[in-house]
Amino acid sequence: MALPQEIKPLNSELMDTLVQAGKMEWTPQPFDPERSFVKVLWTGAESGSWAVLLKWKKGFVAPPHKHLSASHTFILSGKLQVRDGVLNAGDYVYEPNGMLHGATTALEDTEYLFICNGAVLFFDGDKFTSYLSWEELRRAEAKAKARGKSAKAKPAAKAATAPKAKPKTAAKGRARAAA
């Protein structure tokens with residue numbers, strides 16, 4: 001049976017993005033390269049959205065910030081103190097545009113997936129200190145690669161004793177790694 005309309009994409013360059021995060025190096029973050037690391041999974045110039053894996057060592061504190069767009073957080077391991085609550089492994093949080101944070105603290109070594117639909121604005125007292133968006137992520141990633149600064153973060157004590165899983169083979173087809 002034929003479909004009632006053509007559904008073939010107009011953009012012949014349209015394709016999935018496959019990222020094998022397990023094969024990526026953790027990139028130290030400039031504001032605390034000993035306790036904060038990132039893996040950039042995807043940045044979308046057309047939408048301003050971005051997806052990253054974050055690894056924070058116990059005691060890392062992200063400064064106060066405001067979300068200039070909605071975001072999604074899924075805790076893979078560890079614990080984060082966010083406002084008056086604690087996020088544990090398996091917890092998911094949706095934060096709407098305009099959400100305001102005080103400091104966010106890693107209570108344990110923590111890894112989490114963070115998907116943001118725009119920029120995050122950091123502030124201290126009465127002034128803006130920085131912002132983070134897809135553009136800054138791409139710039140920082142390019143600098144780290146150019147300088148050879150990407151480094152594997154030391155695994156948590158529990159992970160150090162766990163056996164390594166066999167690497168998965170790359171998906172076949174038209175897939176590409178994130179920038």
# chains A, B, ... in the order shown; residues from 1 in each chain; ligands from 1

$ residues_around --residues "His72 (chain A)" --least-positions-apart "6" --cutoff "12 Å" --atoms "only C-alpha atoms" --output "PyMOL selection string"
chain A and resi 49-53+91-97+99+112-118

$ write_last_selection --atoms "N, CA and C atoms" --output "PDB file, in the first residue's frame"
ATOM      1  N   SER A  49      20.610  23.686  21.239  1.00  0.00           N
ATOM      2  CA  SER A  49      20.566  22.610  22.241  1.00  0.00           C
ATOM      3  C   SER A  49      21.904  21.884  22.294  1.00  0.00           C
ATOM      4  N   TRP A  50      22.153  21.221  23.417  1.00  0.00           N
ATOM      5  CA  TRP A  50      23.382  20.453  23.577  1.00  0.00           C
ATOM      6  C   TRP A  50      23.180  19.345  24.596  1.00  0.00           C
ATOM      7  N   ALA A  51      23.989  18.296  24.454  1.00  0.00           N
ATOM      8  CA  ALA A  51      23.921  17.149  25.367  1.00  0.00           C
ATOM      9  C   ALA A  51      25.351  16.794  25.782  1.00  0.00           C
ATOM     10  N   VAL A  52      25.537  16.613  27.076  1.00  0.00           N
ATOM     11  CA  VAL A  52      26.862  16.283  27.607  1.00  0.00           C
ATOM     12  C   VAL A  52      26.739  15.233  28.707  1.00  0.00           C
ATOM     13  N   LEU A  53      27.829  14.531  28.925  1.00  0.00           N
ATOM     14  CA  LEU A  53      27.996  13.739  30.139  1.00  0.00           C
ATOM     15  C   LEU A  53      28.905  14.562  31.034  1.00  0.00           C
ATOM     16  N   ASP A  91      17.712   9.245  39.358  1.00  0.00           N
ATOM     17  CA  ASP A  91      16.787  10.376  39.432  1.00  0.00           C
ATOM     18  C   ASP A  91      16.852  11.197  38.154  1.00  0.00           C
ATOM     19  N   TYR A  92      15.697  11.727  37.765  1.00  0.00           N
ATOM     20  CA  TYR A  92      15.563  12.597  36.593  1.00  0.00           C
ATOM     21  C   TYR A  92      14.953  13.915  37.047  1.00  0.00           C
ATOM     22  N   VAL A  93      15.458  15.013  36.492  1.00  0.00           N
ATOM     23  CA  VAL A  93      14.918  16.331  36.806  1.00  0.00           C
ATOM     24  C   VAL A  93      14.723  17.111  35.510  1.00  0.00           C
ATOM     25  N   TYR A  94      13.552  17.703  35.361  1.00  0.00           N
ATOM     26  CA  TYR A  94      13.299  18.652  34.278  1.00  0.00           C
ATOM     27  C   TYR A  94      13.320  20.038  34.910  1.00  0.00           C
ATOM     28  N   GLU A  95      14.071  20.948  34.311  1.00  0.00           N
ATOM     29  CA  GLU A  95      14.120  22.313  34.815  1.00  0.00           C
ATOM     30  C   GLU A  95      13.652  23.257  33.713  1.00  0.00           C
ATOM     31  N   PRO A  96      12.603  24.037  33.974  1.00  0.00           N
ATOM     32  CA  PRO A  96      12.068  24.924  32.945  1.00  0.00           C
ATOM     33  C   PRO A  96      12.968  26.140  32.711  1.00  0.00           C
ATOM     34  N   ASN A  97      12.745  26.790  31.592  1.00  0.00           N
ATOM     35  CA  ASN A  97      13.419  28.038  31.269  1.00  0.00           C
ATOM     36  C   ASN A  97      13.269  29.005  32.429  1.00  0.00           C
ATOM     37  N   MET A  99      14.888  28.764  35.397  1.00  0.00           N
ATOM     38  CA  MET A  99      15.177  28.177  36.705  1.00  0.00           C
ATOM     39  C   MET A  99      16.461  28.777  37.271  1.00  0.00           C
ATOM     40  N   TYR A 112      26.518  12.309  35.312  1.00  0.00           N
ATOM     41  CA  TYR A 112      25.137  12.509  34.891  1.00  0.00           C
ATOM     42  C   TYR A 112      25.042  13.009  33.459  1.00  0.00           C
ATOM     43  N   LEU A 113      23.900  12.708  32.863  1.00  0.00           N
ATOM     44  CA  LEU A 113      23.559  13.169  31.526  1.00  0.00           C
ATOM     45  C   LEU A 113      22.821  14.492  31.669  1.00  0.00           C
ATOM     46  N   PHE A 114      23.275  15.500  30.920  1.00  0.00           N
ATOM     47  CA  PHE A 114      22.652  16.821  30.971  1.00  0.00           C
ATOM     48  C   PHE A 114      22.325  17.236  29.548  1.00  0.00           C
ATOM     49  N   ILE A 115      21.059  17.490  29.291  1.00  0.00           N
ATOM     50  CA  ILE A 115      20.593  17.937  27.978  1.00  0.00           C
ATOM     51  C   ILE A 115      19.963  19.311  28.182  1.00  0.00           C
ATOM     52  N   CYS A 116      20.489  20.291  27.449  1.00  0.00           N
ATOM     53  CA  CYS A 116      20.044  21.671  27.640  1.00  0.00           C
ATOM     54  C   CYS A 116      19.613  22.257  26.302  1.00  0.00           C
ATOM     55  N   ASN A 117      18.541  23.018  26.316  1.00  0.00           N
ATOM     56  CA  ASN A 117      18.007  23.597  25.087  1.00  0.00           C
ATOM     57  C   ASN A 117      18.516  25.003  24.813  1.00  0.00           C
ATOM     58  N   GLY A 118      19.537  25.451  25.529  1.00  0.00           N
ATOM     59  CA  GLY A 118      20.110  26.779  25.336  1.00  0.00           C
ATOM     60  C   GLY A 118      21.208  27.039  26.341  1.00  0.00           C
TER      61      GLY A 118
END

$ select_by_dssp --residues "region 34-142 of chain A" --states "helix (DSSP H, G or I)" --output "list in words"
Trp134, Glu135, Glu136, Leu137, Arg138, Arg139, Ala140, Glu141 and Ala142 of chain A

$ residues_around --residues "region 82-88 of chain A" --least-positions-apart "3" --cutoff "12 Å" --atoms "only C-alpha atoms" --output "number ranges by chain"
A: 61-65, 73-79, 91-93, 95, 99-112

$ select_by_dssp --residues "region 3-175 of chain A" --states "strand (DSSP E or B)" --output "VMD selection string"
chain A and resid 16 to 17 27 to 28 36 to 43 50 to 56 61 to 62 65 to 67 71 to 77 79 to 82 85 to 88 92 to 95 100 to 101 104 to 106 110 to 116 120 to 124 127 to 132 175

$ closest_residue --among "A:Gly44, A:Gly125, A:Gly59, A:Pro9" --to "Asp32 (chain A)" --atoms "only C-alpha atoms"
A:Gly59

$ decode --residues "region 12-45 of chain A" --atoms "N, CA and C atoms" --output "CSV table (one decimal), in the first residue's frame"
chain,number,residue,atom,x,y,z
A,12,SER,N,19.1,15.7,2.0
A,12,SER,CA,19.8,14.4,1.8
A,12,SER,C,20.9,14.2,2.7
A,13,GLU,N,21.4,15.3,3.4
A,13,GLU,CA,22.5,15.1,4.4
A,13,GLU,C,22.0,14.8,5.8
A,14,LEU,N,20.7,14.7,6.0
A,14,LEU,CA,20.1,14.3,7.3
A,14,LEU,C,20.5,12.9,7.7
A,15,MET,N,21.0,12.8,8.9
A,15,MET,CA,21.5,11.5,9.4
A,15,MET,C,21.4,11.5,10.9
A,16,ASP,N,21.5,10.3,11.5
A,16,ASP,CA,21.6,10.2,12.9
A,16,ASP,C,23.0,10.6,13.4
A,17,THR,N,23.1,10.8,14.7
A,17,THR,CA,24.4,11.1,15.3
A,17,THR,C,24.6,9.9,16.3
A,18,LEU,N,25.7,9.2,16.1
A,18,LEU,CA,26.1,8.1,17.0
A,18,LEU,C,27.3,8.6,17.7
A,19,VAL,N,27.3,8.5,19.0
A,19,VAL,CA,28.5,8.8,19.8
A,19,VAL,C,28.8,7.7,20.7
A,20,GLN,N,30.0,7.1,20.6
A,20,GLN,CA,30.4,6.1,21.5
A,20,GLN,C,31.1,6.7,22.7
A,21,ALA,N,30.3,7.2,23.7
A,21,ALA,CA,30.9,7.9,24.8
A,21,ALA,C,31.9,7.1,25.6
A,22,GLY,N,31.8,5.8,25.6
A,22,GLY,CA,32.7,5.0,26.4
A,22,GLY,C,34.1,5.0,25.8
A,23,LYS,N,34.2,5.4,24.5
A,23,LYS,CA,35.5,5.5,23.9
A,23,LYS,C,36.1,7.0,23.9
A,24,MET,N,35.3,7.9,24.4
A,24,MET,CA,35.7,9.3,24.5
A,24,MET,C,36.5,9.6,25.7
A,25,GLU,N,37.4,10.5,25.6
A,25,GLU,CA,38.2,11.0,26.8
A,25,GLU,C,37.4,12.0,27.5
A,26,TRP,N,37.5,12.1,28.8
A,26,TRP,CA,36.9,13.1,29.6
A,26,TRP,C,37.8,14.4,29.5
A,27,THR,N,37.1,15.5,29.2
A,27,THR,CA,37.8,16.8,29.1
A,27,THR,C,37.7,17.6,30.4
A,28,PRO,N,38.8,17.9,31.0
A,28,PRO,CA,38.7,18.7,32.2
A,28,PRO,C,38.1,20.1,31.9
A,29,GLN,N,37.3,20.6,32.9
A,29,GLN,CA,36.7,21.9,32.7
A,29,GLN,C,37.6,22.9,33.3
A,30,PRO,N,37.7,24.1,32.6
A,30,PRO,CA,38.7,25.1,33.0
A,30,PRO,C,38.6,25.7,34.4
A,31,PHE,N,37.3,25.7,34.9
A,31,PHE,CA,37.1,26.3,36.2
A,31,PHE,C,37.5,25.4,37.3
A,32,ASP,N,37.6,24.1,37.1
A,32,ASP,CA,38.1,23.2,38.1
A,32,ASP,C,38.5,21.9,37.5
A,33,PRO,N,39.7,21.9,36.8
A,33,PRO,CA,40.2,20.8,36.0
A,33,PRO,C,40.5,19.5,36.8
A,34,GLU,N,40.6,19.7,38.1
A,34,GLU,CA,40.8,18.5,38.9
A,34,GLU,C,39.6,17.8,39.4
A,35,ARG,N,38.4,18.5,39.3
A,35,ARG,CA,37.2,17.9,39.9
A,35,ARG,C,36.0,17.9,38.9
A,36,SER,N,36.1,18.5,37.8
A,36,SER,CA,35.0,18.6,36.8
A,36,SER,C,35.4,18.3,35.4
A,37,PHE,N,34.7,17.3,34.8
A,37,PHE,CA,35.0,16.8,33.5
A,37,PHE,C,33.8,16.7,32.6
A,38,VAL,N,33.9,16.8,31.3
A,38,VAL,CA,32.8,16.7,30.4
A,38,VAL,C,33.2,15.9,29.2
A,39,LYS,N,32.1,15.2,28.7
A,39,LYS,CA,32.2,14.6,27.3
A,39,LYS,C,31.0,15.2,26.6
A,40,VAL,N,31.4,15.9,25.5
A,40,VAL,CA,30.4,16.5,24.6
A,40,VAL,C,29.8,15.5,23.7
A,41,LEU,N,28.5,15.2,23.9
A,41,LEU,CA,27.8,14.2,23.1
A,41,LEU,C,27.3,14.8,21.8
A,42,TRP,N,26.7,16.0,21.9
A,42,TRP,CA,26.1,16.6,20.7
A,42,TRP,C,25.9,18.1,21.0
A,43,THR,N,26.1,18.9,19.9
A,43,THR,CA,25.7,20.3,20.0
A,43,THR,C,24.9,20.6,18.7
A,44,GLY,N,23.9,21.3,18.9
A,44,GLY,CA,23.0,21.6,17.7
A,44,GLY,C,23.0,23.1,17.4
A,45,ALA,N,23.8,23.5,16.4
A,45,ALA,CA,23.9,24.9,16.0
A,45,ALA,C,22.5,25.4,15.6
